[in-house]
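Participant: Supplied structure: protein.pdb, PDB, C-alpha atoms and all ligand atoms.
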ATOM      1  CA  MET A   1     -41.032  52.820  -4.013  1.00  0.00           C
ATOM      2  CA  ALA A   2     -40.749  49.178  -5.025  1.00  0.00           C
ATOM      3  CA  ILE A   3     -37.327  48.058  -6.046  1.00  0.00           C
ATOM      4  CA  LYS A   4     -36.817  47.397  -9.754  1.00  0.00           C
ATOM      5  CA  GLU A   5     -36.105  43.840 -10.829  1.00  0.00           C
ATOM      6  CA  HIS A   6     -32.657  44.457 -12.317  1.00  0.00           C
ATOM      7  CA  VAL A   7     -31.630  46.684  -9.389  1.00  0.00           C
ATOM      8  CA  GLN A   8     -32.587  43.802  -7.109  1.00  0.00           C
ATOM      9  CA  GLN A   9     -30.482  41.462  -9.254  1.00  0.00           C
ATOM     10  CA  ALA A  10     -27.485  43.810  -9.023  1.00  0.00           C
ATOM     11  CA  ILE A  11     -27.812  43.932  -5.216  1.00  0.00           C
ATOM     12  CA  ASN A  12     -28.026  40.138  -5.004  1.00  0.00           C
ATOM     13  CA  ASP A  13     -24.860  39.987  -7.121  1.00  0.00           C
ATOM     14  CA  GLN A  14     -23.176  42.383  -4.689  1.00  0.00           C
ATOM     15  CA  ILE A  15     -24.219  40.232  -1.718  1.00  0.00           C
ATOM     16  CA  GLN A  16     -22.418  37.384  -3.475  1.00  0.00           C
ATOM     17  CA  ALA A  17     -19.347  39.578  -4.100  1.00  0.00           C
ATOM     18  CA  GLU A  18     -19.171  40.611  -0.418  1.00  0.00           C
ATOM     19  CA  PHE A  19     -19.456  37.015   0.778  1.00  0.00           C
ATOM     20  CA  GLU A  20     -16.784  36.022  -1.757  1.00  0.00           C
ATOM     21  CA  SER A  21     -14.554  38.768  -0.318  1.00  0.00           C
ATOM     22  CA  ALA A  22     -15.164  37.305   3.139  1.00  0.00           C
ATOM     23  CA  TYR A  23     -14.291  33.851   1.840  1.00  0.00           C
ATOM     24  CA  LEU A  24     -11.090  35.101   0.199  1.00  0.00           C
ATOM     25  CA  TYR A  25      -9.871  36.762   3.403  1.00  0.00           C
ATOM     26  CA  LEU A  26     -10.726  33.703   5.470  1.00  0.00           C
ATOM     27  CA  ALA A  27      -8.664  31.541   3.093  1.00  0.00           C
ATOM     28  CA  MET A  28      -5.765  33.986   3.416  1.00  0.00           C
ATOM     29  CA  ALA A  29      -6.120  33.975   7.215  1.00  0.00           C
ATOM     30  CA  ALA A  30      -5.706  30.198   7.268  1.00  0.00           C
ATOM     31  CA  GLN A  31      -2.501  30.398   5.233  1.00  0.00           C
ATOM     32  CA  PHE A  32      -1.017  33.050   7.509  1.00  0.00           C
ATOM     33  CA  ASP A  33      -1.947  30.975  10.521  1.00  0.00           C
ATOM     34  CA  GLN A  34      -0.140  27.996   8.993  1.00  0.00           C
ATOM     35  CA  LYS A  35       2.955  30.141   8.478  1.00  0.00           C
ATOM     36  CA  GLY A  36       2.836  31.091  12.157  1.00  0.00           C
ATOM     37  CA  LEU A  37       1.960  34.726  11.495  1.00  0.00           C
ATOM     38  CA  LYS A  38      -0.924  34.967  13.961  1.00  0.00           C
ATOM     39  CA  GLY A  39      -1.188  38.759  13.780  1.00  0.00           C
ATOM     40  CA  PHE A  40      -1.769  38.789  10.026  1.00  0.00           C
ATOM     41  CA  ALA A  41      -4.143  35.845  10.423  1.00  0.00           C
ATOM     42  CA  GLY A  42      -6.131  37.621  13.128  1.00  0.00           C
ATOM     43  CA  TRP A  43      -6.285  40.834  11.094  1.00  0.00           C
ATOM     44  CA  LEU A  44      -7.679  38.911   8.113  1.00  0.00           C
ATOM     45  CA  ARG A  45     -10.200  37.096  10.288  1.00  0.00           C
ATOM     46  CA  ILE A  46     -11.571  40.464  11.364  1.00  0.00           C
ATOM     47  CA  GLN A  47     -11.605  41.462   7.703  1.00  0.00           C
ATOM     48  CA  TRP A  48     -13.624  38.310   6.985  1.00  0.00           C
ATOM     49  CA  GLN A  49     -16.163  39.365   9.627  1.00  0.00           C
ATOM     50  CA  GLU A  50     -16.371  42.866   8.199  1.00  0.00           C
ATOM     51  CA  GLU A  51     -17.114  41.562   4.730  1.00  0.00           C
ATOM     52  CA  THR A  52     -19.989  39.485   6.075  1.00  0.00           C
ATOM     53  CA  VAL A  53     -21.298  42.669   7.732  1.00  0.00           C
ATOM     54  CA  HIS A  54     -21.131  44.363   4.296  1.00  0.00           C
ATOM     55  CA  ALA A  55     -23.071  41.499   2.715  1.00  0.00           C
ATOM     56  CA  MET A  56     -25.691  41.766   5.460  1.00  0.00           C
ATOM     57  CA  LYS A  57     -26.099  45.510   4.900  1.00  0.00           C
ATOM     58  CA  PHE A  58     -27.217  44.796   1.322  1.00  0.00           C
ATOM     59  CA  TYR A  59     -29.274  41.817   2.505  1.00  0.00           C
ATOM     60  CA  ASP A  60     -31.153  43.908   5.071  1.00  0.00           C
ATOM     61  CA  PHE A  61     -31.543  46.724   2.560  1.00  0.00           C
ATOM     62  CA  LEU A  62     -33.243  44.398   0.057  1.00  0.00           C
ATOM     63  CA  LEU A  63     -35.602  43.106   2.732  1.00  0.00           C
ATOM     64  CA  SER A  64     -36.433  46.627   3.887  1.00  0.00           C
ATOM     65  CA  ARG A  65     -37.476  47.369   0.286  1.00  0.00           C
ATOM     66  CA  ASP A  66     -39.681  44.282   0.238  1.00  0.00           C
ATOM     67  CA  GLY A  67     -37.221  42.730  -2.192  1.00  0.00           C
ATOM     68  CA  THR A  68     -36.163  39.097  -2.555  1.00  0.00           C
ATOM     69  CA  VAL A  69     -32.802  37.907  -1.321  1.00  0.00           C
ATOM     70  CA  GLU A  70     -31.373  35.205  -3.561  1.00  0.00           C
ATOM     71  CA  LEU A  71     -28.146  33.796  -2.216  1.00  0.00           C
ATOM     72  CA  GLN A  72     -25.825  32.581  -4.932  1.00  0.00           C
ATOM     73  CA  THR A  73     -22.973  30.114  -5.200  1.00  0.00           C
ATOM     74  CA  LEU A  74     -19.667  31.264  -3.736  1.00  0.00           C
ATOM     75  CA  LYS A  75     -16.634  30.474  -5.792  1.00  0.00           C
ATOM     76  CA  GLN A  76     -13.679  28.769  -4.185  1.00  0.00           C
ATOM     77  CA  PRO A  77     -11.118  31.435  -3.255  1.00  0.00           C
ATOM     78  CA  GLU A  78      -7.869  31.306  -5.189  1.00  0.00           C
ATOM     79  CA  VAL A  79      -5.141  32.150  -2.752  1.00  0.00           C
ATOM     80  CA  SER A  80      -1.582  32.024  -3.983  1.00  0.00           C
ATOM     81  CA  PHE A  81       0.959  34.097  -2.152  1.00  0.00           C
ATOM     82  CA  ASP A  82       4.485  33.357  -1.048  1.00  0.00           C
ATOM     83  CA  THR A  83       5.078  36.455   1.017  1.00  0.00           C
ATOM     84  CA  PRO A  84       2.906  38.762   3.158  1.00  0.00           C
ATOM     85  CA  LEU A  85       3.691  41.549   0.668  1.00  0.00           C
ATOM     86  CA  GLU A  86       2.176  39.509  -2.162  1.00  0.00           C
ATOM     87  CA  ALA A  87      -0.842  38.736   0.014  1.00  0.00           C
ATOM     88  CA  PHE A  88      -1.548  42.390   0.713  1.00  0.00           C
ATOM     89  CA  GLN A  89      -1.019  43.320  -2.915  1.00  0.00           C
ATOM     90  CA  GLU A  90      -3.804  40.787  -3.583  1.00  0.00           C
ATOM     91  CA  VAL A  91      -5.941  42.409  -0.886  1.00  0.00           C
ATOM     92  CA  LEU A  92      -5.464  45.832  -2.491  1.00  0.00           C
ATOM     93  CA  ALA A  93      -6.236  44.532  -5.999  1.00  0.00           C
ATOM     94  CA  HIS A  94      -9.370  42.827  -4.675  1.00  0.00           C
ATOM     95  CA  GLU A  95     -10.553  45.971  -2.883  1.00  0.00           C
ATOM     96  CA  GLN A  96      -9.984  48.009  -6.068  1.00  0.00           C
ATOM     97  CA  TYR A  97     -12.149  45.500  -7.923  1.00  0.00           C
ATOM     98  CA  ILE A  98     -14.883  45.883  -5.272  1.00  0.00           C
ATOM     99  CA  THR A  99     -14.642  49.681  -5.479  1.00  0.00           C
ATOM    100  CA  GLY A 100     -15.280  49.378  -9.233  1.00  0.00           C
ATOM    101  CA  ARG A 101     -18.381  47.293  -8.536  1.00  0.00           C
ATOM    102  CA  ILE A 102     -19.688  49.765  -5.946  1.00  0.00           C
ATOM    103  CA  ASN A 103     -19.166  52.597  -8.451  1.00  0.00           C
ATOM    104  CA  ASP A 104     -21.100  50.661 -11.117  1.00  0.00           C
ATOM    105  CA  LEU A 105     -23.896  50.032  -8.642  1.00  0.00           C
ATOM    106  CA  TYR A 106     -23.995  53.741  -7.869  1.00  0.00           C
ATOM    107  CA  ASP A 107     -24.241  54.567 -11.588  1.00  0.00           C
ATOM    108  CA  LEU A 108     -27.202  52.188 -11.768  1.00  0.00           C
ATOM    109  CA  ALA A 109     -28.856  53.771  -8.704  1.00  0.00           C
ATOM    110  CA  VAL A 110     -28.493  57.227 -10.289  1.00  0.00           C
ATOM    111  CA  ALA A 111     -29.767  56.078 -13.703  1.00  0.00           C
ATOM    112  CA  GLU A 112     -32.781  54.399 -12.049  1.00  0.00           C
ATOM    113  CA  ARG A 113     -33.330  57.324  -9.669  1.00  0.00           C
ATOM    114  CA  ASP A 114     -33.197  54.895  -6.759  1.00  0.00           C
ATOM    115  CA  TYR A 115     -32.487  57.356  -3.947  1.00  0.00           C
ATOM    116  CA  PRO A 116     -32.490  54.947  -0.994  1.00  0.00           C
ATOM    117  CA  LEU A 117     -29.868  52.843  -2.751  1.00  0.00           C
ATOM    118  CA  GLN A 118     -27.767  55.948  -3.415  1.00  0.00           C
ATOM    119  CA  THR A 119     -27.855  56.756   0.303  1.00  0.00           C
ATOM    120  CA  LEU A 120     -26.782  53.234   1.233  1.00  0.00           C
ATOM    121  CA  LEU A 121     -23.976  53.367  -1.306  1.00  0.00           C
ATOM    122  CA  HIS A 122     -22.558  56.593   0.155  1.00  0.00           C
ATOM    123  CA  TRP A 123     -21.522  54.505   3.159  1.00  0.00           C
ATOM    124  CA  PHE A 124     -19.894  51.931   0.878  1.00  0.00           C
ATOM    125  CA  ILE A 125     -18.048  54.577  -1.148  1.00  0.00           C
ATOM    126  CA  ASP A 126     -16.455  55.898   2.079  1.00  0.00           C
ATOM    127  CA  GLU A 127     -15.761  52.360   3.253  1.00  0.00           C
ATOM    128  CA  GLN A 128     -13.957  51.432   0.019  1.00  0.00           C
ATOM    129  CA  LEU A 129     -11.758  54.496   0.295  1.00  0.00           C
ATOM    130  CA  GLU A 130     -10.799  53.360   3.794  1.00  0.00           C
ATOM    131  CA  GLU A 131     -10.248  49.735   2.722  1.00  0.00           C
ATOM    132  CA  GLU A 132      -7.906  50.717  -0.108  1.00  0.00           C
ATOM    133  CA  GLU A 133      -6.016  53.142   2.109  1.00  0.00           C
ATOM    134  CA  THR A 134      -5.544  50.513   4.828  1.00  0.00           C
ATOM    135  CA  ALA A 135      -4.269  47.900   2.357  1.00  0.00           C
ATOM    136  CA  ARG A 136      -1.856  50.443   0.866  1.00  0.00           C
ATOM    137  CA  GLN A 137      -0.616  51.339   4.357  1.00  0.00           C
ATOM    138  CA  ILE A 138       0.118  47.719   5.207  1.00  0.00           C
ATOM    139  CA  ILE A 139       1.938  47.290   1.878  1.00  0.00           C
ATOM    140  CA  ASP A 140       4.090  50.329   2.721  1.00  0.00           C
ATOM    141  CA  ASP A 141       4.778  48.974   6.219  1.00  0.00           C
ATOM    142  CA  LEU A 142       5.758  45.580   4.795  1.00  0.00           C
ATOM    143  CA  ARG A 143       8.192  47.200   2.373  1.00  0.00           C
ATOM    144  CA  LEU A 144       9.747  49.298   5.140  1.00  0.00           C
ATOM    145  CA  ALA A 145       9.885  46.496   7.670  1.00  0.00           C
ATOM    146  CA  GLY A 146      11.557  43.893   5.472  1.00  0.00           C
ATOM    147  CA  ASP A 147      11.735  40.213   6.422  1.00  0.00           C
ATOM    148  CA  ALA A 148      13.766  40.751   9.582  1.00  0.00           C
ATOM    149  CA  ASN A 149      11.090  42.898  11.189  1.00  0.00           C
ATOM    150  CA  LEU A 150       8.101  40.956   9.961  1.00  0.00           C
ATOM    151  CA  PHE A 151       7.306  39.710  13.440  1.00  0.00           C
ATOM    152  CA  VAL A 152       7.051  43.298  14.740  1.00  0.00           C
ATOM    153  CA  LEU A 153       4.430  44.077  12.119  1.00  0.00           C
ATOM    154  CA  ASP A 154       2.705  40.778  12.892  1.00  0.00           C
ATOM    155  CA  ARG A 155       2.451  41.836  16.552  1.00  0.00           C
ATOM    156  CA  GLU A 156       1.168  45.242  15.561  1.00  0.00           C
ATOM    157  CA  LEU A 157      -1.575  43.813  13.344  1.00  0.00           C
ATOM    158  CA  SER A 158      -2.653  41.519  16.159  1.00  0.00           C
ATOM    159  CA  ASN A 159      -3.919  44.650  17.937  1.00  0.00           C
ATOM    160  CA  ARG A 160      -6.790  45.076  15.498  1.00  0.00           C
ATOM    161  CA  GLN A 161     -10.186  44.900  17.209  1.00  0.00           C
ATOM    162  CA  PRO A 162     -13.492  44.151  15.496  1.00  0.00           C
ATOM    163  CA  GLU A 163     -15.471  47.304  14.786  1.00  0.00           C
ATOM    164  CA  PRO A 164     -18.656  47.736  16.764  1.00  0.00           C
ATOM    165  CA  GLU A 165     -21.470  47.063  14.305  1.00  0.00           C
ATOM    166  CA  ALA A 166     -23.008  50.189  12.868  1.00  0.00           C
TER     167      ALA A 166
HETATM  168 FE    FE B   1     -16.834  44.812   1.415  1.00  0.00          FE
HETATM  169 FE    FE B   2     -13.552  45.057   1.642  1.00  0.00          FE
END
Reformat the file's structure so that it appears as structure tokens.
Facilitator:
Amino acid sequence: MAIKEHVQQAINDQIQAEFESAYLYLAMAAQFDQKGLKGFAGWLRIQWQEETVHAMKFYDFLLSRDGTVELQTLKQPEVSFDTPLEAFQEVLAHEQYITGRINDLYDLAVAERDYPLQTLLHWFIDEQLEEEETARQIIDDLRLAGDANLFVLDRELSNRQPEPEA
């Protein structure tokens, strides 16, 4: 079944949103690196990679439907945090925003009876649940650790490994 024009547009918009997520996390990674928190920086670099993988899932999906990929302008990330806690509150808020977008896309896929898109989005719905949970966990850890133990958490986050690509 050929993909409908406005469904294609919505997917292209989501490709942009995923690349903008990647861009945001990369900007945050640089700031952490500057502050000497290499573990947080490394964690966010992996997050940057993951977001590009998300973008490419939609990209490949469009191509597999004989659709047209139209890459759009990425806005400059606005990163303004003073503490790691503030940074991860931003991460959580951003992931909640993305979850809202994925839900809207799912509503569209249901309304348009686009079953392949629904199947793809099941993966993203699970992924968003995980992303929000992880951000919330780090926020909790930051609150418990306090400033004195920040370096312990930084070390712990440096253990994150990139996920093998699905
Ligand atoms: Fe994503
Ligand atoms: Fe994400």
Participant: Residues within 10 Å of (-11.5, 40.6, 6.9), file coordinates, counting only C-alpha atoms: what are they? Give the list as a ChimeraX atom specification.
Facilitator: /A:21-26,28-29,41-52,91,162
Participant: Between atom CA of A:Ala55 and atom CA of A:Ala109, what is the spacing in Å?
Facilitator: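 It comes out at 17.7 Å.
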Participant: Let me know the residues the PyMOL selection byres (((chain A and resi 85) around 8) and not hetatm) catches in the file above, as a list in words.
Facilitator: Thr83, Pro84, Glu86, Ala87, Phe88, Gln89, Ile139, Leu142 and Arg143 of chain A
Participant: Selection in question (the file shown): the PyMOL selection byres (((chain A and resi 156) around 12) and not hetatm). Which residues does it include, as a list in words?
Facilitator: Leu37, Lys38, Gly39, Phe40, Ala41, Gly42, Trp43, Ile138, Asp141, Leu142, Ala145, Asn149, Leu150, Phe151, Val152, Leu153, Asp154, Arg155, Leu157, Ser158, Asn159, Arg160 and Gln161 of chain A
Participant: Could you dump the residues just selected with C-alpha atoms as a short mmCIF file (atom, residue, chain, number, x, y, z; two decimals), in the frame of the given file?
Facilitator:
data_model
loop_
_atom_site.label_atom_id
_atom_site.label_comp_id
_atom_site.auth_asym_id
_atom_site.auth_seq_id
_atom_site.Cartn_x
_atom_site.Cartn_y
_atom_site.Cartn_z
CA LEU A 37 1.96 34.73 11.50
CA LYS A 38 -0.92 34.97 13.96
CA GLY A 39 -1.19 38.76 13.78
CA PHE A 40 -1.77 38.79 10.03
CA ALA A 41 -4.14 35.84 10.42
CA GLY A 42 -6.13 37.62 13.13
CA TRP A 43 -6.28 40.83 11.09
CA ILE A 138 0.12 47.72 5.21
CA ASP A 141 4.78 48.97 6.22
CA LEU A 142 5.76 45.58 4.80
CA ALA A 145 9.88 46.50 7.67
CA ASN A 149 11.09 42.90 11.19
CA LEU A 150 8.10 40.96 9.96
CA PHE A 151 7.31 39.71 13.44
CA VAL A 152 7.05 43.30 14.74
CA LEU A 153 4.43 44.08 12.12
CA ASP A 154 2.70 40.78 12.89
CA ARG A 155 2.45 41.84 16.55
CA LEU A 157 -1.58 43.81 13.34
CA SER A 158 -2.65 41.52 16.16
CA ASN A 159 -3.92 44.65 17.94
CA ARG A 160 -6.79 45.08 15.50
CA GLN A 161 -10.19 44.90 17.21
#
Participant: I'd like the neighbourhood of A:Ile98 as a VMD selection string, where a residue qualifies if any of its atoms comes within 9 Å (using only C-alpha atoms), though same-chain residues fewer than 5 positions away should be ignored.
Facilitator: chain A and resid 17 to 18 21 93 103 128
Participant: Write the residues of the selection above to a file with C-alpha atoms, as a PDB file, keeping the file's coordinate frame.
Facilitator:
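Contents of out-v4.pdb, freshly written:
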ATOM      1  CA  ALA A  17     -19.347  39.578  -4.100  1.00  0.00           C
ATOM      2  CA  GLU A  18     -19.171  40.611  -0.418  1.00  0.00           C
ATOM      3  CA  SER A  21     -14.554  38.768  -0.318  1.00  0.00           C
ATOM      4  CA  ALA A  93      -6.236  44.532  -5.999  1.00  0.00           C
ATOM      5  CA  ASN A 103     -19.166  52.597  -8.451  1.00  0.00           C
ATOM      6  CA  GLN A 128     -13.957  51.432   0.019  1.00  0.00           C
TER       7      GLN A 128
END
Participant: Between A:Asp140, A:Asp126, A:Glu95, A:Asp114, which is the closest to ligand FE 2 (chain B) once you count all atoms listed in the file?
Facilitator: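 Counting all atoms listed in the file, the residue closest to ligand FE 2 (chain B) is A:Glu95.
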Participant: Using only C-alpha atoms, which of A:Tyr106, A:Phe19, A:Phe61, A:Tyr97 sits nearest A:Phe124?
Facilitator: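 Checking each candidate against A:Phe124, we get A:Tyr106 as the closest.
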Participant: Quote the spacing between atom CA of A:Ile15 and atom CA of A:Leu71 in Å to one decimal place.
Facilitator: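 Taking atom CA of A:Ile15 and atom CA of A:Leu71, their separation equals 7.6 Å.
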Participant: Using the chain letters and numbers from the file, give me the residues hit by the PyMOL selection byres (((chain A and resi 108) around 12) and not hetatm), as an MDAnalysis selection string.
Facilitator: chainID A and resid 4 6:11 101:107 109:115 117:118 121
Participant: Counting all atoms listed in the file, which of A:Ala27, A:Met1, A:Val69, A:Lys57 gets nearest to A:Leu120?
Facilitator: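 That would be A:Lys57, the residue with the smallest distance to A:Leu120.
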Participant: So for stretch 46-58 of chain A, what box centre and size do we get, axis-aligned, 8 Å extra on each of the six sides, every listed atom, Å to one decimal, as JSON?
Facilitator:
{"center_x": -19.4, "center_y": 41.9, "center_z": 6.3, "size_x": 31.6, "size_y": 23.2, "size_z": 26.0}
Participant: Out of A:Val53, A:Ala2, A:Leu144, A:Leu74, which residue has the shortest atom-to-atom distance to ligand FE 2 (chain B) when counting all atoms listed in the file?
Facilitator: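 Of all the options, A:Val53 lies closest to ligand FE 2 (chain B).
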